[in-house]
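Undergrad: Below is one structure. I have some questions about it.
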Amino acid sequence: MAKPVLMCVDDDPQVLTAVERDLRRHYQSEYRVVKASSAREALDAARQLKHRSVPVALFLIDQRMPEMTGTKLLAEVRGLHPEARKVLLTAYADTDAAIESINEIGLDHYLMKPWDPPDQKLYPVLDDLLVEWKQRAHLPYDGIRIAGARFSPQSHFVREFLSRNQVPYQWIDIDEDSSMRELIAAIPGGLAKLPVVLFPDGTYLSAPSNLKLAEKVGLHTQAKSPFYDVAIIGGGPAGLANAVYAASEGLRVVLIEQSAPGGQAGTSSRIENYLGFPNGITGADLAQRAAAQARRFGAEILTAQEVVGIRREDPYRIVRLADGNEISAYAVVLTTGLAVRTLEVPGIDSFLGQGVYYGAALSEAATYRGHDVCIIGGANSAGQGALFFSRYARRVMVIVRAGGLSPAMSHYLVERINATDSIGVITRSEVVAVCGNGRLQQIVLRNIDTAEERRLDTSAMFIFIGTAPRSEFVGDLLERNDKGFIVTGPDLLKINGKPRGWTLDRDPLMFETNVPGIFAAGDVRAGANRRVAAAVGEGSAAIYSIHKYLETV
Ligand SMILES: Cc1cc2nc3c(=O)[nH]c(=O)nc-3n(C[C@H](O)[C@H](O)[C@H](O)COP(=O)(O)OP(=O)(O)OC[C@H]3O[C@@H](n4cnc5c(N)ncnc54)[C@H](O)[C@@H]3O)c2cc1C
């Protein structure tokens, strides 16, 4: 934590030097003394300190300055550092102004110039004020702070990105913190470009992209080498398992992940059916352990990098990233999993991040403490979401099209939901409208048998209505089934005994696609069993085929 600041301001250079010298002499072990020779300079410095989350303990300001009086300046800086003690330096003639400002701006003291000897006229007064400040000050958090509006989608995405990458931050709602609002309003872009992410070094980013933010917080985003044995696309359980096995067996591996390691599993509040964790494990914990394990074996993990294309330049497979860079490898493994399907309801997009969320949005739990929320969908992920939010929300309603939760949801989850009083289930219903003033307040449900409609008050709706494979970017290159899943190995359609375009003498290996050296594993693969263990199993098993392929290049 940086030392708190004592700021002295005076336009007279001699007085400023003298006051700075006296403050340093007595306080420099505990405080940093900052001086400013004008009101403007002082305001800029006060804003900078607020940006960097450095507390100001005391302002010692001359009353007579040409561009702004000391009283006026204290009124301005009070908004930025409300807890700082405020002292005016006055000449005898200014004492009236000083006395008036005791009421006006809550002035703590005024000191008459000259203050010699400081041991008698300066330090005793300031010592008392600083003791008081220490007792009352809420010392600020000195890590990354995100300042934004609670119900803004961009604020939600930035928080989610940092949480999923396990980067600690403090969230500040500018509608509840007027000094932060004032600070944000004063920076370029200001309130129009939220959220603003403030860093301890005094810099900030307004509404940053994942990549910009990742670079700034020190996540690894750029490949160290232009060439690898294996490039893995997607850091879910399948990709991470593939990285662990490939790296542990001595291959040069890069894993490219567009968001954060963990994939869908990383968003799960508790995975209870993964072997070896009898009490379950949170998706975040599993993701962190798996990523650490892969790194320990030497795999490079890039975050916030999206792959937008792959091309073949034998014997290389070249992966193109959204930022324009390319990475070459002998073999590529697609473990891009599934993306959530969106709910087709008019106007729903305008509530994204403002009450409407796809998936579990775990970082929003505290926002809905004591509120009523809905879960849309009836599969296991919806069940986990309902149980998770029931720990925070007053009431959780699960809305399903089916006549009940079984059989789409695992038995253990159905039992747990039935045993939780605060969770209710509405069956045979679908969402047909969303309403609210700036944020979600109500949804309209239609009964699919009777077409009868009813309104339900709700602060948030978490949508879990299925998923679609993330394979569009390889649509021209790889064979996919009618739903977009990537076809591999023996499942590839054969013409005259060979897959389309296949020129090699051998058959495609297990997990190999119709392009030799490009493999697919996990949920994105046609025929995969969509479970964490199955994805881990496929990612691990695919290494056997990759070794076989590498022997041929
Ligand atoms: C909320 C929830 C709870 C679940 N709970 C359970 C459970 O309890 N038990 C269980 O067995 N299963 C559970 N599942 C299912 C399980 O999580 C999935 O089967 C598993 O995560 C699939 O792993 P995967 O690696 O194949 O793909 P994913 O987990 O989908 O990972 C794919 C990764 O690829 C990345 N990616 C995609 N496209 C690109 C691109 N172009 N460039 C770079 N990166 C890209 C994505 O960002 C993602 O991180 C749950 C799923 C969800 C959503």
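Chain labels follow the order of the structure tokens: the first chain is A, the next B, and so on; residue numbering restarts at 1 in every chain, and ligands are counted from 1 in their shown order.
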Leaving out A:Gln166 and any residue of its chain fewer than 6 positions from it, which residues lie within 10 Å of it when counting only C-alpha atoms, given as a PDB file with all heavy atoms, in the first residue's frame?
TA:
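Contents of out.pdb, as written:
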```
ATOM      1  N   GLU A 160     -16.879 -10.385 -15.409  1.00  0.00           N
ATOM      2  CA  GLU A 160     -16.903 -11.824 -15.675  1.00  0.00           C
ATOM      3  C   GLU A 160     -15.537 -12.284 -16.215  1.00  0.00           C
ATOM      4  O   GLU A 160     -15.016 -13.312 -15.816  1.00  0.00           O
ATOM      5  CB  GLU A 160     -18.024 -12.100 -16.695  1.00  0.00           C
ATOM      6  CG  GLU A 160     -18.378 -13.547 -16.905  1.00  0.00           C
ATOM      7  CD  GLU A 160     -19.218 -14.166 -15.789  1.00  0.00           C
ATOM      8  OE1 GLU A 160     -19.562 -13.475 -14.813  1.00  0.00           O
ATOM      9  OE2 GLU A 160     -19.496 -15.358 -15.895  1.00  0.00           O
ATOM     10  N   ALA A 260     -11.305 -17.429 -20.974  1.00  0.00           N
ATOM     11  CA  ALA A 260     -10.519 -17.848 -19.813  1.00  0.00           C
ATOM     12  C   ALA A 260     -10.478 -19.363 -19.787  1.00  0.00           C
ATOM     13  O   ALA A 260     -11.446 -20.006 -20.183  1.00  0.00           O
ATOM     14  CB  ALA A 260     -11.177 -17.337 -18.538  1.00  0.00           C
ATOM     15  N   PRO A 261      -9.376 -19.965 -19.294  1.00  0.00           N
ATOM     16  CA  PRO A 261      -9.338 -21.427 -19.213  1.00  0.00           C
ATOM     17  C   PRO A 261     -10.512 -21.945 -18.382  1.00  0.00           C
ATOM     18  O   PRO A 261     -10.926 -21.305 -17.418  1.00  0.00           O
ATOM     19  CB  PRO A 261      -8.013 -21.712 -18.504  1.00  0.00           C
ATOM     20  CG  PRO A 261      -7.188 -20.498 -18.711  1.00  0.00           C
ATOM     21  CD  PRO A 261      -8.138 -19.350 -18.814  1.00  0.00           C
ATOM     22  N   ALA A 284     -14.446 -23.224 -11.400  1.00  0.00           N
ATOM     23  CA  ALA A 284     -13.299 -22.301 -11.361  1.00  0.00           C
ATOM     24  C   ALA A 284     -12.084 -23.006 -10.779  1.00  0.00           C
ATOM     25  O   ALA A 284     -10.958 -22.858 -11.275  1.00  0.00           O
ATOM     26  CB  ALA A 284     -13.653 -21.075 -10.533  1.00  0.00           C
ATOM     27  N   ASP A 285     -12.300 -23.786  -9.726  1.00  0.00           N
ATOM     28  CA  ASP A 285     -11.199 -24.494  -9.072  1.00  0.00           C
ATOM     29  C   ASP A 285     -10.611 -25.543 -10.014  1.00  0.00           C
ATOM     30  O   ASP A 285      -9.385 -25.634 -10.175  1.00  0.00           O
ATOM     31  CB  ASP A 285     -11.740 -25.154  -7.794  1.00  0.00           C
ATOM     32  CG  ASP A 285     -10.620 -25.592  -6.859  1.00  0.00           C
ATOM     33  OD1 ASP A 285      -9.456 -25.318  -7.193  1.00  0.00           O
ATOM     34  OD2 ASP A 285     -10.915 -26.225  -5.836  1.00  0.00           O
ATOM     35  N   GLN A 288      -8.598 -23.818 -12.696  1.00  0.00           N
ATOM     36  CA  GLN A 288      -7.326 -23.274 -12.207  1.00  0.00           C
ATOM     37  C   GLN A 288      -6.297 -24.395 -12.017  1.00  0.00           C
ATOM     38  O   GLN A 288      -5.132 -24.269 -12.404  1.00  0.00           O
ATOM     39  CB  GLN A 288      -7.567 -22.561 -10.881  1.00  0.00           C
ATOM     40  CG  GLN A 288      -6.381 -21.748 -10.462  1.00  0.00           C
ATOM     41  CD  GLN A 288      -6.576 -21.140  -9.082  1.00  0.00           C
ATOM     42  OE1 GLN A 288      -7.477 -21.521  -8.341  1.00  0.00           O
ATOM     43  NE2 GLN A 288      -5.738 -20.197  -8.743  1.00  0.00           N
TER      44      GLN A 288
END
```
Undergrad: Given a cut-off of 7 Å, what residues near ligand 1 show up using only C-alpha atoms and all ligand atoms, put as a ChimeraX atom specification?
TA: /A:233-239,256-265,267-268,270-274,305-308,335-339,359-360,380-382,384-385,470,473,521-524,530-533,535
Undergrad: Please indicate the distance in Å from atom CA of A:Phe511 to atom CA of A:Asn242, rounded to one decimal place.
TA: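 One can read the atom CA of A:Phe511 to atom CA of A:Asn242 distance as 12.0 Å.
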Undergrad: Find the residue from A:Asp116, A:Glu326, A:Asp421, A:Asp11 that sits nearest to A:Arg391; use only C-alpha atoms when measuring.
TA: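 When distances to A:Arg391 are compared using only C-alpha atoms, the smallest one comes from A:Asp421.
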Undergrad: Write down as a short mmCIF file (atom, residue, chain, number, x, y, z; two decimals) with N, CA and C atoms, in the first residue's frame the residues belonging to stretch 419-545 of chain A that are assigned helix (DSSP H, G or I) by DSSP computed on the backbone.
TA:
```
data_model
loop_
_atom_site.label_atom_id
_atom_site.label_comp_id
_atom_site.auth_asym_id
_atom_site.auth_seq_id
_atom_site.Cartn_x
_atom_site.Cartn_y
_atom_site.Cartn_z
N GLU A 472 -17.92 -22.66 -36.61
CA GLU A 472 -18.16 -21.89 -37.85
C GLU A 472 -16.86 -21.55 -38.56
N PHE A 473 -15.82 -21.20 -37.79
CA PHE A 473 -14.59 -20.70 -38.41
C PHE A 473 -13.82 -21.77 -39.17
N VAL A 474 -14.23 -23.05 -39.06
CA VAL A 474 -13.56 -24.09 -39.85
C VAL A 474 -14.54 -24.73 -40.83
N GLY A 489 -12.47 -39.38 -37.45
CA GLY A 489 -12.12 -40.80 -37.49
C GLY A 489 -13.07 -41.64 -38.31
N PRO A 490 -13.48 -42.78 -37.76
CA PRO A 490 -14.30 -43.71 -38.52
C PRO A 490 -15.66 -43.15 -38.91
N ASP A 491 -16.09 -42.05 -38.28
CA ASP A 491 -17.43 -41.49 -38.61
C ASP A 491 -17.41 -40.67 -39.90
N GLY A 522 -13.78 -33.51 -27.48
CA GLY A 522 -14.69 -32.85 -26.55
C GLY A 522 -16.02 -32.51 -27.21
N ASP A 523 -16.75 -31.61 -26.60
CA ASP A 523 -18.14 -31.33 -26.99
C ASP A 523 -18.32 -30.92 -28.46
N VAL A 524 -17.28 -30.36 -29.07
CA VAL A 524 -17.43 -29.87 -30.45
C VAL A 524 -17.43 -31.04 -31.46
N VAL A 532 -17.93 -33.42 -18.43
CA VAL A 532 -16.55 -33.01 -18.13
C VAL A 532 -15.60 -34.20 -18.30
N ALA A 533 -15.97 -35.32 -17.70
CA ALA A 533 -15.07 -36.49 -17.73
C ALA A 533 -14.86 -36.97 -19.16
N ALA A 534 -15.94 -36.91 -19.96
CA ALA A 534 -15.81 -37.37 -21.35
C ALA A 534 -14.88 -36.43 -22.12
N ALA A 535 -15.01 -35.13 -21.89
CA ALA A 535 -14.15 -34.16 -22.58
C ALA A 535 -12.69 -34.35 -22.17
N VAL A 536 -12.47 -34.56 -20.87
CA VAL A 536 -11.10 -34.80 -20.38
C VAL A 536 -10.56 -36.08 -21.01
N GLY A 537 -11.42 -37.10 -21.07
CA GLY A 537 -11.00 -38.38 -21.64
C GLY A 537 -10.62 -38.23 -23.11
N GLU A 538 -11.45 -37.51 -23.86
CA GLU A 538 -11.17 -37.34 -25.29
C GLU A 538 -9.89 -36.53 -25.51
N GLY A 539 -9.77 -35.45 -24.75
CA GLY A 539 -8.57 -34.60 -24.88
C GLY A 539 -7.31 -35.39 -24.59
N SER A 540 -7.38 -36.26 -23.58
CA SER A 540 -6.21 -37.07 -23.22
C SER A 540 -5.95 -38.13 -24.28
N ALA A 541 -7.01 -38.79 -24.69
CA ALA A 541 -6.84 -39.92 -25.62
C ALA A 541 -6.35 -39.45 -27.00
N ALA A 542 -6.73 -38.24 -27.38
CA ALA A 542 -6.35 -37.75 -28.71
C ALA A 542 -4.83 -37.66 -28.86
N ILE A 543 -4.11 -37.58 -27.75
CA ILE A 543 -2.65 -37.47 -27.82
C ILE A 543 -2.03 -38.70 -28.48
N TYR A 544 -2.64 -39.83 -28.26
CA TYR A 544 -2.13 -41.06 -28.88
C TYR A 544 -2.12 -40.90 -30.40
N SER A 545 -3.25 -40.40 -30.94
CA SER A 545 -3.34 -40.21 -32.40
C SER A 545 -2.37 -39.13 -32.87
#
```
Undergrad: Neighbouring residues of A:Ile486 were defined as those with any atom within 6 Å, considering only C-alpha atoms; residues of the same chain fewer than 5 positions away were excluded. Please report them as a list in words.
TA: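 Near A:Ile486, the qualifying residues are Arg480, Arg525 and Ala526 of chain A.
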